[in-house]
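Source file: input_24.tsv; contents: TSV, C-alpha atoms.
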```tsv
chain	number	residue	atom	x	y	z
V	1020	MET	CA	0.00	0.00	0.00
V	1021	SER	CA	1.55	3.31	-1.06
V	1022	GLU	CA	1.63	5.68	1.90
V	1023	ARG	CA	1.86	9.43	1.42
V	1024	ARG	CA	3.87	11.45	3.89
V	1025	LEU	CA	1.69	12.94	6.57
V	1026	PRO	CA	2.52	14.90	9.71
V	1027	PRO	CA	2.31	12.90	12.98
V	1028	VAL	CA	-1.25	14.02	13.62
V	1029	THR	CA	-2.22	10.99	15.70
V	1030	GLN	CA	0.89	11.20	17.88
V	1031	LEU	CA	0.51	14.97	18.43
V	1032	GLY	CA	-3.21	14.56	19.05
V	1033	MET	CA	-2.53	11.94	21.70
V	1034	LEU	CA	0.13	14.17	23.28
V	1035	SER	CA	-2.32	17.10	23.39
V	1036	LEU	CA	-4.99	14.82	24.82
V	1037	ALA	CA	-2.59	13.47	27.45
V	1038	LEU	CA	-1.56	17.00	28.53
V	1039	VAL	CA	-5.12	18.19	28.90
V	1040	LEU	CA	-6.12	15.02	30.77
V	1041	VAL	CA	-3.24	15.50	33.20
V	1042	ALA	CA	-4.51	19.05	33.77
V	1043	GLY	CA	-7.98	17.69	34.44
V	1044	ILE	CA	-6.68	14.96	36.77
V	1045	TYR	CA	-4.59	17.52	38.67
V	1046	LEU	CA	-7.61	19.78	39.21
V	1047	SER	CA	-9.97	16.89	40.01
V	1048	ALA	CA	-7.52	15.51	42.55
V	1049	HIS	CA	-7.70	18.78	44.52
V	1050	LEU	CA	-11.28	19.99	44.04
V	1051	PRO	CA	-13.40	21.07	45.85
V	1052	GLU	CA	-10.55	22.32	48.05
V	1053	HIS	CA	-8.28	25.19	47.09
V	1054	VAL	CA	-6.06	24.36	44.14
V	1055	SER	CA	-3.12	26.26	42.67
V	1056	LEU	CA	-4.01	26.86	39.02
V	1057	GLY	CA	-0.45	27.33	37.75
V	1058	PRO	CA	0.29	23.69	36.78
V	1059	ALA	CA	-3.18	23.22	35.24
V	1060	VAL	CA	-2.89	26.43	33.20
V	1061	ALA	CA	0.59	25.44	31.99
V	1062	LEU	CA	-0.63	21.97	30.96
V	1063	LEU	CA	-3.73	23.38	29.28
V	1064	GLY	CA	-1.61	25.96	27.41
V	1065	ALA	CA	0.82	23.28	26.26
V	1066	SER	CA	-2.06	21.06	25.16
V	1067	ALA	CA	-3.74	23.88	23.21
V	1068	LEU	CA	-0.39	24.77	21.60
V	1069	VAL	CA	0.17	21.17	20.46
V	1070	LEU	CA	-3.39	21.08	19.10
V	1071	ILE	CA	-2.82	24.30	17.11
V	1072	VAL	CA	0.54	23.04	15.78
V	1073	ASN	CA	-1.18	19.79	14.83
V	1074	LEU	CA	-3.94	21.57	12.90
V	1075	LEU	CA	-1.42	23.85	11.19
V	1076	ALA	CA	0.71	20.88	10.15
V	1077	LEU	CA	-2.37	19.11	8.80
V	1078	SER	CA	-3.54	22.22	6.92
V	1079	ARG	CA	-0.27	22.19	4.94
V	1080	VAL	CA	-0.82	18.68	3.56
V	1081	ASP	CA	-1.46	18.73	-0.18
V	1082	GLY	CA	-4.45	16.76	-1.38
V	1083	PHE	CA	-5.77	15.91	2.06
V	1084	HIS	CA	-9.40	14.82	1.92
V	1085	TRP	CA	-10.85	17.73	3.86
V	1086	ARG	CA	-14.42	17.02	2.83
V	1087	ARG	CA	-14.26	13.58	4.46
V	1088	PHE	CA	-12.41	15.03	7.47
V	1089	PHE	CA	-15.19	17.53	8.15
V	1090	GLU	CA	-17.95	15.08	7.25
V	1091	ILE	CA	-16.82	12.72	10.03
V	1092	GLY	CA	-15.31	15.36	12.31
V	1093	ARG	CA	-18.47	17.46	12.70
V	1094	TRP	CA	-20.52	14.50	13.99
V	1095	ALA	CA	-17.69	13.45	16.27
V	1096	LEU	CA	-17.47	17.05	17.51
V	1097	LEU	CA	-21.19	17.05	18.28
V	1098	ALA	CA	-20.85	13.78	20.21
V	1099	TYR	CA	-17.82	14.92	22.20
V	1100	LEU	CA	-19.37	18.31	22.94
V	1101	VAL	CA	-22.29	16.43	24.51
V	1102	ILE	CA	-19.84	14.34	26.54
V	1103	ALA	CA	-17.89	17.44	27.58
V	1104	ALA	CA	-21.15	19.16	28.53
V	1105	MET	CA	-22.10	16.25	30.81
V	1106	ILE	CA	-18.76	16.50	32.60
V	1107	GLU	CA	-19.08	20.29	32.82
V	1108	TYR	CA	-22.57	19.83	34.27
V	1109	VAL	CA	-21.32	17.63	37.11
V	1110	PHE	CA	-18.71	20.24	38.07
V	1111	LEU	CA	-21.30	23.03	37.94
V	1112	ARG	CA	-23.64	20.90	40.08
V	1113	ASN	CA	-20.91	20.83	42.71
V	1114	HIS	CA	-20.50	24.62	42.67
V	1115	THR	CA	-17.12	24.71	40.96
V	1116	SER	CA	-16.54	28.34	40.07
V	1117	GLY	CA	-13.96	31.00	39.26
V	1118	GLY	CA	-10.50	30.04	37.99
V	1119	PRO	CA	-10.87	26.26	38.35
V	1120	LEU	CA	-14.13	26.35	36.37
V	1121	VAL	CA	-12.55	28.42	33.58
V	1122	VAL	CA	-9.55	26.05	33.33
V	1123	LEU	CA	-11.79	22.97	33.45
V	1124	THR	CA	-14.11	24.40	30.77
V	1125	LEU	CA	-11.22	25.27	28.46
V	1126	SER	CA	-9.71	21.83	29.08
V	1127	LEU	CA	-13.00	20.24	28.05
V	1128	VAL	CA	-13.06	22.40	24.91
V	1129	VAL	CA	-9.54	21.26	23.96
V	1130	PHE	CA	-10.58	17.66	24.70
V	1131	ALA	CA	-13.77	17.98	22.62
V	1132	VAL	CA	-11.85	19.39	19.65
V	1133	ASN	CA	-8.94	16.95	19.86
V	1134	VAL	CA	-10.97	13.74	19.57
V	1135	PRO	CA	-12.83	14.73	16.35
V	1136	VAL	CA	-9.50	15.80	14.83
V	1137	LEU	CA	-8.06	12.35	15.62
V	1138	ILE	CA	-11.13	10.54	14.26
V	1139	GLY	CA	-11.49	12.78	11.19
V	1140	PHE	CA	-7.80	12.45	10.36
V	1141	THR	CA	-7.74	8.66	10.72
V	1142	VAL	CA	-10.72	8.35	8.39
V	1143	ALA	CA	-9.66	10.97	5.82
V	1144	ARG	CA	-6.05	9.81	5.51
V	1145	TYR	CA	-7.20	6.65	3.74
V	1146	ASP	CA	-9.37	8.49	1.18
W	775	MET	CA	-15.44	-12.36	-4.50
W	776	ALA	CA	-15.45	-12.45	-0.76
W	777	HIS	CA	-13.19	-15.48	-1.10
W	778	ALA	CA	-10.81	-13.36	-3.17
W	779	VAL	CA	-10.63	-10.91	-0.30
W	780	ALA	CA	-9.71	-13.66	2.11
W	781	SER	CA	-6.88	-14.80	-0.11
W	782	SER	CA	-5.48	-11.32	-0.61
W	783	ALA	CA	-5.58	-9.72	2.81
W	784	GLY	CA	-2.51	-7.71	1.93
W	785	ALA	CA	-3.78	-6.46	-1.40
W	786	ALA	CA	-6.14	-3.60	-2.11
W	787	ILE	CA	-9.59	-4.93	-2.72
W	788	GLY	CA	-10.11	-2.10	-5.16
W	789	ASP	CA	-7.25	-3.33	-7.39
W	790	GLY	CA	-8.00	-5.26	-10.59
W	791	PRO	CA	-11.55	-6.07	-11.54
W	792	PRO	CA	-14.27	-4.46	-9.44
W	793	ALA	CA	-14.54	-6.40	-6.21
W	794	ALA	CA	-17.92	-7.12	-4.65
W	795	LEU	CA	-17.05	-7.67	-1.01
W	796	GLU	CA	-19.92	-9.33	0.81
W	797	ARG	CA	-20.99	-6.84	3.46
W	798	PRO	CA	-24.25	-6.61	5.34
W	799	ASP	CA	-25.90	-3.22	5.07
W	800	PHE	CA	-25.07	-1.19	8.18
W	801	GLN	CA	-25.08	2.31	9.64
W	802	ILE	CA	-21.82	3.62	11.12
W	803	VAL	CA	-23.87	5.17	13.93
W	804	PRO	CA	-27.00	3.03	14.43
W	805	ARG	CA	-29.76	5.65	14.55
W	806	ALA	CA	-32.13	3.29	16.33
W	807	GLY	CA	-29.81	3.39	19.34
W	808	LEU	CA	-29.76	7.20	19.67
W	809	PRO	CA	-33.05	7.43	21.65
W	810	ILE	CA	-31.66	4.85	24.10
W	811	VAL	CA	-28.52	6.96	24.53
W	812	ALA	CA	-30.70	10.04	25.07
W	813	VAL	CA	-32.70	8.22	27.78
W	814	VAL	CA	-29.52	7.06	29.53
W	815	LEU	CA	-28.08	10.60	29.48
W	816	ALA	CA	-31.39	11.97	30.80
W	817	LEU	CA	-31.20	9.46	33.67
W	818	LEU	CA	-27.64	10.60	34.32
W	819	ILE	CA	-28.68	14.26	34.45
W	820	ALA	CA	-31.56	13.38	36.80
W	821	GLY	CA	-29.33	11.18	38.98
W	822	ILE	CA	-26.75	13.94	39.40
W	823	ALA	CA	-29.46	16.55	40.01
W	824	VAL	CA	-31.14	14.59	42.84
W	825	ASN	CA	-27.72	13.69	44.32
W	826	GLU	CA	-29.04	10.67	46.24
W	827	LEU	CA	-26.75	7.75	47.02
W	828	TRP	CA	-28.72	4.94	45.37
W	829	PRO	CA	-29.23	6.49	41.87
W	830	LEU	CA	-25.61	7.64	41.78
W	831	GLU	CA	-24.32	4.26	42.90
W	832	PHE	CA	-26.62	2.51	40.42
W	833	LEU	CA	-25.47	4.64	37.48
W	834	HIS	CA	-21.78	4.44	38.38
W	835	VAL	CA	-21.73	0.71	39.14
W	836	VAL	CA	-23.88	-0.38	36.17
W	837	ALA	CA	-22.06	1.78	33.61
W	838	GLY	CA	-18.65	1.12	35.15
W	839	ALA	CA	-19.24	-2.63	35.21
W	840	ALA	CA	-20.39	-2.54	31.59
W	841	TRP	CA	-17.28	-0.54	30.60
W	842	THR	CA	-14.91	-2.87	32.44
W	843	ILE	CA	-16.52	-6.09	31.25
W	844	ILE	CA	-16.80	-4.96	27.63
W	845	ASP	CA	-13.14	-3.88	27.61
W	846	LEU	CA	-11.97	-7.13	29.18
W	847	PHE	CA	-14.16	-9.28	26.95
W	848	LEU	CA	-13.16	-7.39	23.81
W	849	GLY	CA	-9.50	-7.28	24.72
W	850	PHE	CA	-9.00	-10.85	25.85
W	851	VAL	CA	-11.82	-12.91	24.29
W	852	LEU	CA	-13.30	-11.30	21.18
W	853	GLY	CA	-10.11	-9.53	20.06
W	854	PRO	CA	-7.98	-12.69	19.71
W	855	ILE	CA	-10.94	-14.48	18.05
W	856	MET	CA	-11.34	-11.62	15.56
W	857	GLY	CA	-7.64	-11.74	14.82
W	858	LYS	CA	-7.93	-15.39	13.75
W	859	LEU	CA	-11.07	-15.02	11.62
W	860	SER	CA	-10.89	-15.02	7.83
W	861	MET	CA	-11.24	-11.58	6.25
W	862	PRO	CA	-14.87	-12.05	5.09
W	863	ALA	CA	-15.89	-13.40	8.50
W	864	ARG	CA	-14.09	-10.54	10.23
W	865	VAL	CA	-15.78	-8.00	7.96
W	866	GLU	CA	-19.21	-9.44	8.69
W	867	PHE	CA	-18.52	-9.58	12.44
W	868	THR	CA	-17.14	-6.02	12.36
W	869	THR	CA	-20.13	-4.54	10.56
W	870	ARG	CA	-22.42	-6.06	13.19
W	871	LEU	CA	-20.39	-5.33	16.34
W	872	MET	CA	-18.55	-2.06	15.80
W	873	PRO	CA	-21.50	0.26	15.02
W	874	LYS	CA	-22.99	-0.75	18.36
W	875	MET	CA	-19.68	0.00	20.08
W	876	VAL	CA	-19.75	3.52	18.58
W	877	LEU	CA	-22.79	4.25	20.74
W	878	ILE	CA	-22.25	1.98	23.74
W	879	MET	CA	-18.69	2.88	24.74
W	880	PRO	CA	-18.90	6.71	24.84
W	881	THR	CA	-22.22	6.42	26.68
W	882	VAL	CA	-21.04	4.02	29.40
W	883	VAL	CA	-17.79	5.96	29.83
W	884	THR	CA	-19.62	9.30	30.20
W	885	VAL	CA	-22.12	7.86	32.68
W	886	THR	CA	-19.36	6.16	34.69
W	887	LEU	CA	-17.24	9.30	34.94
W	888	ALA	CA	-19.99	11.85	35.60
W	889	ALA	CA	-21.89	9.67	38.10
W	890	GLY	CA	-18.57	8.59	39.64
W	891	TRP	CA	-17.49	12.17	40.30
W	892	GLN	CA	-20.86	13.00	41.83
W	893	LEU	CA	-20.75	9.82	43.93
W	894	SER	CA	-17.26	10.67	45.08
W	895	THR	CA	-18.45	14.15	46.09
W	896	HIS	CA	-21.45	12.65	47.87
W	897	LEU	CA	-19.28	10.20	49.83
W	898	GLY	CA	-16.47	12.67	50.40
W	899	THR	CA	-13.82	10.41	48.88
W	900	ASN	CA	-12.68	13.27	46.61
W	901	LEU	CA	-11.55	15.28	49.64
W	902	THR	CA	-7.79	15.15	50.22
W	903	VAL	CA	-8.34	14.35	53.92
W	904	ASN	CA	-10.27	11.18	53.07
W	905	PRO	CA	-8.11	8.04	53.57
W	906	LEU	CA	-9.36	6.67	50.23
W	907	HIS	CA	-8.49	9.83	48.30
W	908	GLY	CA	-5.28	8.31	46.93
W	909	TRP	CA	-7.25	5.43	45.43
W	910	VAL	CA	-9.69	7.87	43.81
W	911	VAL	CA	-6.78	9.77	42.25
W	912	ALA	CA	-5.30	6.45	41.10
W	913	SER	CA	-8.59	5.72	39.34
W	914	PHE	CA	-8.37	9.13	37.59
W	915	ILE	CA	-4.89	8.24	36.35
W	916	VAL	CA	-5.97	4.82	35.06
W	917	VAL	CA	-8.96	6.40	33.29
W	918	GLY	CA	-6.66	9.09	31.85
W	919	VAL	CA	-4.29	6.50	30.36
W	920	MET	CA	-7.20	4.48	28.98
W	921	ALA	CA	-8.74	7.65	27.52
W	922	VAL	CA	-5.57	8.55	25.63
W	923	ILE	CA	-5.33	5.03	24.16
W	924	ALA	CA	-9.05	4.66	23.44
W	925	LEU	CA	-9.66	8.15	22.05
W	926	GLY	CA	-6.36	8.44	20.21
W	927	LEU	CA	-6.19	4.99	18.64
W	928	LEU	CA	-9.14	2.69	19.29
W	929	GLU	CA	-12.11	4.94	18.54
W	930	PRO	CA	-10.59	6.49	15.37
W	931	ALA	CA	-9.68	2.99	14.12
W	932	ASN	CA	-13.23	1.80	14.80
W	933	ILE	CA	-14.80	4.68	12.83
W	934	ALA	CA	-12.20	4.42	10.05
W	935	VAL	CA	-12.84	0.67	9.57
W	936	LEU	CA	-16.57	1.26	9.33
W	937	THR	CA	-16.10	4.17	6.92
W	938	GLU	CA	-13.78	2.06	4.77
W	939	LEU	CA	-16.31	-0.77	4.71
W	940	LYS	CA	-18.98	1.67	3.53
W	941	LYS	CA	-16.99	2.43	0.38
W	942	PRO	CA	-17.99	0.73	-2.89
W	943	GLN	CA	-14.53	-0.87	-3.08
W	944	PRO	CA	-12.98	-1.13	0.40
W	945	ASN	CA	-9.23	-1.46	0.70
W	946	GLY	CA	-8.41	-4.77	2.38
W	947	GLU	CA	-5.00	-3.63	3.55
W	948	VAL	CA	-6.43	-0.53	5.25
W	949	ILE	CA	-9.05	-2.65	6.98
W	950	GLU	CA	-6.42	-5.19	8.04
W	951	ARG	CA	-4.15	-2.48	9.46
W	952	LEU	CA	-6.93	-0.67	11.32
W	953	MET	CA	-8.38	-3.90	12.67
W	954	LYS	CA	-4.97	-4.85	13.99
W	955	ARG	CA	-4.75	-1.45	15.71
W	956	PHE	CA	-8.24	-1.94	17.13
W	957	ILE	CA	-7.45	-5.42	18.49
W	958	TYR	CA	-4.12	-4.40	20.08
W	959	THR	CA	-5.53	-1.25	21.70
W	960	ALA	CA	-8.57	-3.21	22.95
W	961	GLY	CA	-6.07	-5.58	24.60
W	962	ALA	CA	-4.19	-2.65	26.17
W	963	THR	CA	-7.33	-1.06	27.60
W	964	GLY	CA	-8.45	-4.53	28.78
W	965	LEU	CA	-5.20	-4.78	30.71
W	966	MET	CA	-5.77	-1.35	32.26
W	967	GLN	CA	-9.22	-2.47	33.36
W	968	ILE	CA	-7.59	-4.98	35.71
W	969	ALA	CA	-6.15	-1.97	37.56
W	970	THR	CA	-9.64	-0.45	37.60
W	971	LEU	CA	-11.02	-3.61	39.21
W	972	VAL	CA	-8.33	-3.52	41.91
W	973	ILE	CA	-9.01	0.17	42.67
W	974	MET	CA	-12.80	-0.06	42.60
W	975	THR	CA	-12.98	-3.14	44.83
W	976	LYS	CA	-10.67	-1.37	47.29
W	977	LEU	CA	-12.89	1.74	47.23
W	978	GLY	CA	-15.99	-0.43	47.61
W	979	SER	CA	-14.64	-2.26	50.63
W	980	GLY	CA	-13.39	0.92	52.30
```

Mind turning this structure into structure tokens?
Amino acid sequence: MSERRLPPVTQLGMLSLALVLVAGIYLSAHLPEHVSLGPAVALLGASALVLIVNLLALSRVDGFHWRRFFEIGRWALLAYLVIAAMIEYVFLRNHTSGGPLVVLTLSLVVFAVNVPVLIGFTVARYD
Amino acid sequence: MAHAVASSAGAAIGDGPPAALERPDFQIVPRAGLPIVAVVLALLIAGIAVNELWPLEFLHVVAGAAWTIIDLFLGFVLGPIMGKLSMPARVEFTTRLMPKMVLIMPTVVTVTLAAGWQLSTHLGTNLTVNPLHGWVVASFIVVGVMAVIALGLLEPANIAVLTELKKPQPNGEVIERLMKRFIYTAGATGLMQIATLVIMTKLGSG
């Protein structure tokens, strides 16, 4: 099977996912008590940066099947936004607020974008 | 033609004369299952809203048990069986099993995590002063590792196999490669579930 050269989207996506999950685990391990946001913000920032680099690298691929990527990715995004919303709901139910809520919400956004990118890429790369 | 697929697992099915791979008609996301998912998520929302021990424990234990058992069964029983099936048999099995997994797995994982967090808050095991807090954090770490494997490799492979099988002329080599990825990652998450069992039984017994 001839394989065209593609950026390491899966590897970078998994790295971004791992970083944002570590941020979430760090916050969850301390909530509802006081938690220093520094490590979580750093991890979230690193995760978002890797996600952006990943999307930029993918956008430079010639002949990538974007139609298929978005066709699959939009439904996956819808599904993972629902999942993220359920997790957000449980934190809101427990009165999480302020900085921790902002970091958790942004972490869930990065999570909800990362998974559709991984799914859309894996599908579209074989088209 | 399906026989030709079995004899050329490494070759593109689309090569040469048009191949007519025997595939049952299927939906990548079975629409009939969506109302069931909606009902389960509604129960989850209600369970978290009422914040009573029994509904939370029910949701967390039922969904968590389903998640663990499915992962173990897929990783250690079905996975190796699938790996030994002929290509046409594997394709037929895949088109019947995997669409259901597309709905079941994200649903049971979401219910387990959301109800689990609420249950932990209800019982106070998420407080750092609680003697079981370390075990709760250990469960977060195990779930985190499983999430990276499942969301980065397993779920995309599942969707990609189904999308490939929907094509008029699926590529046998792509299916073979993605199925291999699916089977190996299912085994890895199955292994991680053993850690989940250790942690959860410890938390359950106090």

Each residue of chain W lying at most 8 Å from chain V should get a row with its shortest atom-to-atom pair and the distance in Å to one decimal, counting all atoms listed in the file; could you produce that, ordered by chain and increasing number, as a Markdown table?
```
| residue | atom | partner | partner_atom | distance |
| --- | --- | --- | --- | --- |
| W:Ala785 | CA | V:Met1020 | CA | 7.6 |
| W:Ala786 | CA | V:Met1020 | CA | 7.4 |
| W:Ile819 | CA | V:Met1105 | CA | 7.8 |
| W:Ile822 | CA | V:Val1109 | CA | 7.0 |
| W:Ala823 | CA | V:Arg1112 | CA | 7.3 |
| W:Pro880 | CA | V:Ile1102 | CA | 7.9 |
| W:Thr884 | CA | V:Ile1102 | CA | 6.2 |
| W:Leu887 | CA | V:Ile1106 | CA | 7.7 |
| W:Ala888 | CA | V:Ile1106 | CA | 5.7 |
| W:Trp891 | CA | V:Val1109 | CA | 7.4 |
| W:Gln892 | CA | V:Val1109 | CA | 6.6 |
| W:Thr895 | CA | V:Asn1113 | CA | 7.9 |
| W:Asn900 | CA | V:Ala1048 | CA | 6.9 |
| W:Leu901 | CA | V:Pro1051 | CA | 7.2 |
| W:Thr902 | CA | V:His1049 | CA | 6.8 |
| W:Val911 | CA | V:Ala1048 | CA | 5.8 |
| W:Phe914 | CA | V:Ile1044 | CA | 6.1 |
| W:Ile915 | CA | V:Ile1044 | CA | 7.0 |
| W:Gly918 | CA | V:Leu1040 | CA | 6.1 |
| W:Val919 | CA | V:Ala1037 | CA | 7.7 |
| W:Val922 | CA | V:Met1033 | CA | 6.0 |
| W:Ile923 | CA | V:Met1033 | CA | 7.9 |
| W:Leu925 | CA | V:Val1134 | CA | 6.3 |
| W:Gly926 | CA | V:Met1033 | CA | 5.4 |
| W:Leu927 | CA | V:Thr1029 | CA | 7.8 |
| W:Glu929 | CA | V:Ile1138 | CA | 7.1 |
| W:Pro930 | CA | V:Ile1138 | CA | 4.2 |
| W:Ala931 | CA | V:Thr1141 | CA | 6.9 |
| W:Ile933 | CA | V:Val1142 | CA | 7.1 |
| W:Ala934 | CA | V:Val1142 | CA | 4.5 |
| W:Thr937 | CA | V:Val1142 | CA | 7.0 |
| W:Glu938 | CA | V:Val1142 | CA | 7.9 |
| W:Glu947 | CA | V:Met1020 | CA | 7.1 |
| W:Val948 | CA | V:Tyr1145 | CA | 7.4 |
```

Give me, as a Markdown table, the closest atom pair and its distance (Å, one decimal) for every residue of range 814-878 of chain W within a cut-off of 6 Å of range 962-977 of chain W, counting all atoms listed in the file, rows sorted by chain and rising number.
```
| residue | atom | partner | partner_atom | distance |
| --- | --- | --- | --- | --- |
| W:Thr842 | CA | W:Gln967 | CA | 5.8 |
| W:Asp845 | CA | W:Gly964 | CA | 4.9 |
| W:Leu846 | CA | W:Gly964 | CA | 4.4 |
| W:Gly849 | CA | W:Gly964 | CA | 5.0 |
```

field: One-decimal distance in Å that lies between CA of Arg1024 in chain V and CA of Ile949 in chain W
entry: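 Taking CA of Ile949 in chain W as the start and CA of Arg1024 in chain V as the end point, the length is 19.4 Å.
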
message = So that I can check the surroundings of Leu1123 in chain V, please list as a VMD selection string every protein, DNA and RNA residue that reaches within 8 Å of it, counting only C-alpha atoms and ignoring chain neighbours fewer than 2 positions away.
response = chain V and resid 1043 1046 1107 1119 to 1121 1125 to 1127

Please compute the CA of Ala1076 in chain V-CA of Ile957 in chain W distance, one decimal, in Å.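 Between these atoms lies a distance of 28.8 Å.
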
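Take CA of Ile1071 in chain V and CA of Met920 in chain W: the distance between them is 23.5 Å.
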